[in-house]
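Below is one structure, written out as structure tokens; the observations come after it.
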Amino acid sequence: MKIQNTFFVLALMLAQSFVSAQDKYVDKNGQVTFEASEKLFEEVKATNSSVTAIFDSGTLEIASLALVKGFTFKNSLMEEHFNENYIESETYPKATFKGNLKDLDVSSLSEETTKVPVAGTLELHGKGKQVNTELDVKRVGDIIEMTGNFVVAPEDFDIEIPKIVANKIAKQVQVALHFKFQKR
Amino acid sequence: MKTRFTYIIVTTTIIAGALAYFGYQYMFPEQRNILEEEVAFTLPPESLNEAFQADTLGLDYIDQVVQTTGKVTEFDSGWIVLDNHIQANLLPSNIDAPLSKDMEITIKGRCVGYDELLELVKVDQATIILY
């Protein structure tokens with residue numbers, strides 16, 4: 001009886017892992033851009049084209065990781081200052097987002113964009129911040145595509161902007177994301 | 001008098017020009033060219049991955065030019081995974097490189113860090129230097 005039970009539990013675990021593996025969508029090369037430009041001053045904008053994102057279509061959980069060193073600026077001096085003085089990438093090498101999509105029926109997705117609310121925590125520079133936004137979600141062939149925008153402030157993450165450059169960097173940082181998920 | 005005036009003008013122009021040039025170089029330094037840079041580390045994909053598992057910050061490797069040889073275990077437009085340990089994002093000039101699974105290649109690129117979600121070391125600005 002005991003052996004039978006063990007088998008049953010094992011079979012159940014196996015089935016569960018099979019189901020969850022089937023629901024997983026991955027993008028190894030997602031794109032995240034942030035911009036904190038002020039009018040009349042040099043563009044403060046960086047893109048990371050190697051962001052990882054994993055989406056579970058069963059639980060609607062989404063997790064994303066961007067290596068801070070992967071953000072590239074047009075001006076390499078700006079990139080150096082960003083890494084060394086602001087985001088301190090040697091101490092905090094990652095930016096992560098963990099959240100949940102709300103009210104989405106993955107099977108009903110089509111090439112037409114569906115607006116889906118998402119809530120989660122953005123973590124960077126060792127600090128977390130709750131983010132609520134809306135994603136544009138669509139399915140093109142086997143790919144689930146998500147795009148979105150949200151706004152954060154450097155002070156939310158204890159990032160100090162020195163007074164001398166304060167008027168060149170926007171208080172509100174625009175973040176844009178673009179993920180193309182493929183079934184794992 | 002006239003020669004002295006000319007001398008002052010010429011000297012000031014040269015100094016101002018030099019200041020502007022070096023100032024510009026300082027403010028807008030050239031982007032790194034990873035392909036031209038000297039390789040800091042040559043090691044197999046597995047060893048690089050293990051190095052990050054031992055020390056998650058991996059400060060010895062981050063931002064350094066690495067060269068590594070491994071089998072292509074996965075690839076798509078613009079990126080490849082070597083030995084299931086490294087994901088290399090290729091430079092635009094390499095995007096059309098003919099690739100196939102299990103092919104052994106050598107790449108040179110910049111080590112960006114360790115991705116815990118995928119358990120892969122990410123390398124960017126990579127070039128395939130040997131098929």
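To be explicit about the labels: the chains of the structure tokens are called A, B, and onward in the order shown, and within each one the residues are counted from 1, while ligands get numbers from 1 in the order they are shown.
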* **Filtered DSSP result for segment 9-84 of chain A, state strand (DSSP E), as JSON, numbers by chain** => {"A": [24, 25, 26, 27, 28, 29, 30, 31, 32, 33, 34, 35, 36, 37, 45, 46, 47, 48, 49, 50, 51, 52, 53, 54, 55, 56, 61, 62, 63, 64, 65, 66, 67, 72, 73]}
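Any residue of chain B with an atom no more than 8 Å from chain A counts as a contact; using only C-alpha atoms, that gives Tyr26, Met27, Phe28, Pro29, Glu30, Gln31, Leu57, Leu59, Asp63, Trp79, Asn89, Val112, Gly113, Tyr114, Asp115, Leu117, Leu118 and Asp124 of chain B.
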Please, could you write that set of residues out with N, CA and C atoms as a PDB file, in the first residue's frame?
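Printed below is out_27.pdb as written:
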ATOM      1  N   TYR B  26      37.235  63.586 -24.313  1.00  0.00           N
ATOM      2  CA  TYR B  26      36.894  63.215 -22.952  1.00  0.00           C
ATOM      3  C   TYR B  26      35.380  63.045 -22.798  1.00  0.00           C
ATOM      4  N   MET B  27      34.642  63.981 -23.346  1.00  0.00           N
ATOM      5  CA  MET B  27      33.178  63.958 -23.204  1.00  0.00           C
ATOM      6  C   MET B  27      32.546  62.834 -24.026  1.00  0.00           C
ATOM      7  N   PHE B  28      33.093  62.598 -25.205  1.00  0.00           N
ATOM      8  CA  PHE B  28      32.517  61.586 -26.090  1.00  0.00           C
ATOM      9  C   PHE B  28      33.585  60.582 -26.513  1.00  0.00           C
ATOM     10  N   PRO B  29      34.046  59.769 -25.577  1.00  0.00           N
ATOM     11  CA  PRO B  29      35.094  58.812 -25.952  1.00  0.00           C
ATOM     12  C   PRO B  29      34.554  57.788 -26.944  1.00  0.00           C
ATOM     13  N   GLU B  30      35.465  57.203 -27.693  1.00  0.00           N
ATOM     14  CA  GLU B  30      35.040  56.208 -28.687  1.00  0.00           C
ATOM     15  C   GLU B  30      34.467  54.976 -28.003  1.00  0.00           C
ATOM     16  N   GLN B  31      33.510  54.340 -28.670  1.00  0.00           N
ATOM     17  CA  GLN B  31      32.941  53.107 -28.133  1.00  0.00           C
ATOM     18  C   GLN B  31      34.005  52.020 -28.173  1.00  0.00           C
ATOM     19  N   LEU B  57      29.144  37.508  -8.181  1.00  0.00           N
ATOM     20  CA  LEU B  57      29.421  38.836  -8.745  1.00  0.00           C
ATOM     21  C   LEU B  57      30.397  38.728  -9.920  1.00  0.00           C
ATOM     22  N   LEU B  59      33.420  39.531 -10.498  1.00  0.00           N
ATOM     23  CA  LEU B  59      34.050  40.805 -10.882  1.00  0.00           C
ATOM     24  C   LEU B  59      35.316  40.645 -11.718  1.00  0.00           C
ATOM     25  N   ASP B  63      32.745  42.558 -17.876  1.00  0.00           N
ATOM     26  CA  ASP B  63      33.262  43.644 -18.705  1.00  0.00           C
ATOM     27  C   ASP B  63      34.613  43.318 -19.348  1.00  0.00           C
ATOM     28  N   TRP B  79      21.770  35.293 -31.658  1.00  0.00           N
ATOM     29  CA  TRP B  79      22.377  34.745 -30.440  1.00  0.00           C
ATOM     30  C   TRP B  79      22.606  33.248 -30.554  1.00  0.00           C
ATOM     31  N   ASN B  89      25.561  37.023 -27.540  1.00  0.00           N
ATOM     32  CA  ASN B  89      24.817  37.849 -28.487  1.00  0.00           C
ATOM     33  C   ASN B  89      25.789  38.388 -29.513  1.00  0.00           C
ATOM     34  N   VAL B 112      29.140  39.830 -19.802  1.00  0.00           N
ATOM     35  CA  VAL B 112      28.203  40.782 -19.202  1.00  0.00           C
ATOM     36  C   VAL B 112      27.802  40.372 -17.782  1.00  0.00           C
ATOM     37  N   GLY B 113      27.737  39.059 -17.535  1.00  0.00           N
ATOM     38  CA  GLY B 113      27.361  38.619 -16.191  1.00  0.00           C
ATOM     39  C   GLY B 113      26.620  37.300 -16.208  1.00  0.00           C
ATOM     40  N   TYR B 114      26.121  36.920 -15.040  1.00  0.00           N
ATOM     41  CA  TYR B 114      25.467  35.622 -14.896  1.00  0.00           C
ATOM     42  C   TYR B 114      23.959  35.797 -14.794  1.00  0.00           C
ATOM     43  N   ASP B 115      23.256  35.082 -15.651  1.00  0.00           N
ATOM     44  CA  ASP B 115      21.802  35.145 -15.689  1.00  0.00           C
ATOM     45  C   ASP B 115      21.245  33.949 -14.914  1.00  0.00           C
ATOM     46  N   LEU B 117      18.143  33.227 -14.156  1.00  0.00           N
ATOM     47  CA  LEU B 117      16.909  32.635 -14.668  1.00  0.00           C
ATOM     48  C   LEU B 117      17.224  31.518 -15.656  1.00  0.00           C
ATOM     49  N   LEU B 118      18.224  31.732 -16.481  1.00  0.00           N
ATOM     50  CA  LEU B 118      18.576  30.740 -17.504  1.00  0.00           C
ATOM     51  C   LEU B 118      19.776  29.885 -17.096  1.00  0.00           C
ATOM     52  N   ASP B 124      28.131  39.633 -24.670  1.00  0.00           N
ATOM     53  CA  ASP B 124      27.579  40.413 -25.780  1.00  0.00           C
ATOM     54  C   ASP B 124      28.691  40.902 -26.711  1.00  0.00           C
TER      55      ASP B 124
END
Fill in: Selection: 8 Å around segment 128-145 of chain A, only C-alpha atoms, excl. self and same-chain fewer than 5 positions, as a list in words
Leu109, Ser110, Glu111, Glu112, Thr113, Thr114, Lys115, Val116, Pro117, Val118, Ala119, Gly120, Thr121, Leu122, Glu123, Phe150, Asp156, Phe157, His178, Phe179, Lys180, Phe181, Gln182 and Lys183 of chain A
Keeping only N, CA and C atoms, write those residues as a compact mmCIF listing (two decimals), in the first residue's frame.
# COMPACT_ATOMS: atom_id res chain seq x y z
N LEU A 109 -5.66 34.45 -27.23
CA LEU A 109 -4.80 35.48 -27.83
C LEU A 109 -4.77 35.37 -29.35
N SER A 110 -4.73 36.52 -30.02
CA SER A 110 -4.66 36.52 -31.48
C SER A 110 -3.66 37.57 -31.92
N GLU A 111 -3.64 37.84 -33.22
CA GLU A 111 -2.71 38.86 -33.72
C GLU A 111 -3.16 40.26 -33.35
N GLU A 112 -4.39 40.33 -32.84
CA GLU A 112 -4.85 41.65 -32.38
C GLU A 112 -4.40 41.86 -30.96
N THR A 113 -3.97 43.06 -30.68
CA THR A 113 -3.42 43.37 -29.36
C THR A 113 -4.48 43.35 -28.27
N THR A 114 -4.16 42.69 -27.17
CA THR A 114 -5.02 42.70 -26.00
C THR A 114 -4.30 43.47 -24.90
N LYS A 115 -5.00 44.33 -24.22
CA LYS A 115 -4.39 45.07 -23.11
C LYS A 115 -4.54 44.24 -21.84
N VAL A 116 -3.42 43.97 -21.19
CA VAL A 116 -3.45 43.13 -20.00
C VAL A 116 -2.76 43.84 -18.83
N PRO A 117 -3.47 44.01 -17.71
CA PRO A 117 -2.82 44.63 -16.56
C PRO A 117 -1.78 43.70 -15.94
N VAL A 118 -0.70 44.28 -15.46
CA VAL A 118 0.34 43.48 -14.80
C VAL A 118 0.78 44.22 -13.54
N ALA A 119 1.00 43.45 -12.49
CA ALA A 119 1.47 44.04 -11.23
C ALA A 119 2.64 43.21 -10.73
N GLY A 120 3.64 43.90 -10.23
CA GLY A 120 4.79 43.16 -9.73
C GLY A 120 5.81 44.07 -9.09
N THR A 121 6.96 43.51 -8.80
CA THR A 121 8.02 44.26 -8.13
C THR A 121 9.24 44.36 -9.02
N LEU A 122 9.68 45.59 -9.18
CA LEU A 122 10.91 45.84 -9.93
C LEU A 122 12.02 46.04 -8.91
N GLU A 123 13.08 45.29 -9.07
CA GLU A 123 14.18 45.40 -8.12
C GLU A 123 15.45 45.81 -8.83
N PHE A 150 6.39 51.90 -18.61
CA PHE A 150 6.05 52.41 -17.28
C PHE A 150 7.09 53.44 -16.87
N ASP A 156 13.26 56.25 -6.12
CA ASP A 156 12.58 55.02 -5.67
C ASP A 156 13.59 53.92 -5.37
N PHE A 157 14.76 54.03 -5.99
CA PHE A 157 15.76 52.98 -5.85
C PHE A 157 17.02 53.51 -5.14
N HIS A 178 10.04 45.09 -24.59
CA HIS A 178 9.54 44.34 -25.73
C HIS A 178 10.04 42.90 -25.63
N PHE A 179 9.12 41.98 -25.40
CA PHE A 179 9.49 40.57 -25.27
C PHE A 179 8.79 39.74 -26.34
N LYS A 180 9.51 38.77 -26.87
CA LYS A 180 8.92 37.82 -27.81
C LYS A 180 9.14 36.44 -27.22
N PHE A 181 8.09 35.89 -26.66
CA PHE A 181 8.21 34.61 -25.96
C PHE A 181 8.02 33.43 -26.90
N GLN A 182 8.92 32.46 -26.74
CA GLN A 182 8.76 31.21 -27.49
C GLN A 182 8.54 30.10 -26.48
N LYS A 183 7.74 29.12 -26.89
CA LYS A 183 7.47 28.00 -25.99
C LYS A 183 8.75 27.22 -25.75
Write out as a PyMOL selection string the residues lying within 10 Å of Glu104 of chain B, counting only C-alpha atoms and excluding same-chain residues fewer than 2 positions away.
-> chain B and resi 69-73+82-83+99-102+106+130-131
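Taking atom CA of Lys102 of chain A and atom CA of Thr147 of chain A as endpoints, the distance between them is 15.3 Å.
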Checklist entry - Per DSSP on the backbone, what are the helix (DSSP H, G or I) residues of segment 62-98 of chain A, as a ChimeraX atom specification? => result /A:68-70,76-86
Selected residues written out, N, CA and C atoms, as a PDB file, in the first residue's frame:
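Once everything was written out, this is out_22.pdb:
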ATOM      1  N   VAL A  68      22.713  44.631 -15.629  1.00  0.00           N
ATOM      2  CA  VAL A  68      22.866  46.081 -15.732  1.00  0.00           C
ATOM      3  C   VAL A  68      23.988  46.470 -16.704  1.00  0.00           C
ATOM      4  N   LYS A  69      25.041  45.668 -16.709  1.00  0.00           N
ATOM      5  CA  LYS A  69      26.159  45.950 -17.618  1.00  0.00           C
ATOM      6  C   LYS A  69      25.761  45.820 -19.094  1.00  0.00           C
ATOM      7  N   GLY A  70      24.634  45.203 -19.333  1.00  0.00           N
ATOM      8  CA  GLY A  70      24.171  45.010 -20.706  1.00  0.00           C
ATOM      9  C   GLY A  70      23.487  46.236 -21.292  1.00  0.00           C
ATOM     10  N   SER A  76      29.825  56.561 -24.405  1.00  0.00           N
ATOM     11  CA  SER A  76      30.394  55.572 -23.488  1.00  0.00           C
ATOM     12  C   SER A  76      30.832  56.164 -22.151  1.00  0.00           C
ATOM     13  N   LEU A  77      31.056  57.467 -22.116  1.00  0.00           N
ATOM     14  CA  LEU A  77      31.382  58.098 -20.822  1.00  0.00           C
ATOM     15  C   LEU A  77      30.144  58.087 -19.920  1.00  0.00           C
ATOM     16  N   MET A  78      28.975  58.313 -20.557  1.00  0.00           N
ATOM     17  CA  MET A  78      27.719  58.282 -19.826  1.00  0.00           C
ATOM     18  C   MET A  78      27.486  56.869 -19.272  1.00  0.00           C
ATOM     19  N   GLU A  79      27.821  55.882 -20.098  1.00  0.00           N
ATOM     20  CA  GLU A  79      27.667  54.482 -19.699  1.00  0.00           C
ATOM     21  C   GLU A  79      28.542  54.174 -18.478  1.00  0.00           C
ATOM     22  N   GLU A  80      29.762  54.710 -18.508  1.00  0.00           N
ATOM     23  CA  GLU A  80      30.690  54.503 -17.403  1.00  0.00           C
ATOM     24  C   GLU A  80      30.149  55.146 -16.111  1.00  0.00           C
ATOM     25  N   HIS A  81      29.659  56.372 -16.233  1.00  0.00           N
ATOM     26  CA  HIS A  81      29.101  57.057 -15.057  1.00  0.00           C
ATOM     27  C   HIS A  81      27.882  56.332 -14.534  1.00  0.00           C
ATOM     28  N   PHE A  82      27.043  55.865 -15.443  1.00  0.00           N
ATOM     29  CA  PHE A  82      25.841  55.124 -15.064  1.00  0.00           C
ATOM     30  C   PHE A  82      26.222  53.897 -14.236  1.00  0.00           C
ATOM     31  N   ASN A  83      27.202  53.150 -14.705  1.00  0.00           N
ATOM     32  CA  ASN A  83      27.617  51.922 -14.017  1.00  0.00           C
ATOM     33  C   ASN A  83      28.336  52.199 -12.698  1.00  0.00           C
ATOM     34  N   GLU A  84      29.219  53.194 -12.712  1.00  0.00           N
ATOM     35  CA  GLU A  84      30.043  53.410 -11.522  1.00  0.00           C
ATOM     36  C   GLU A  84      29.379  54.285 -10.459  1.00  0.00           C
ATOM     37  N   ASN A  85      28.736  55.379 -10.891  1.00  0.00           N
ATOM     38  CA  ASN A  85      28.249  56.339  -9.899  1.00  0.00           C
ATOM     39  C   ASN A  85      26.776  56.203  -9.557  1.00  0.00           C
ATOM     40  N   TYR A  86      25.962  55.783 -10.530  1.00  0.00           N
ATOM     41  CA  TYR A  86      24.528  55.792 -10.267  1.00  0.00           C
ATOM     42  C   TYR A  86      23.992  54.418  -9.878  1.00  0.00           C
TER      43      TYR A  86
END
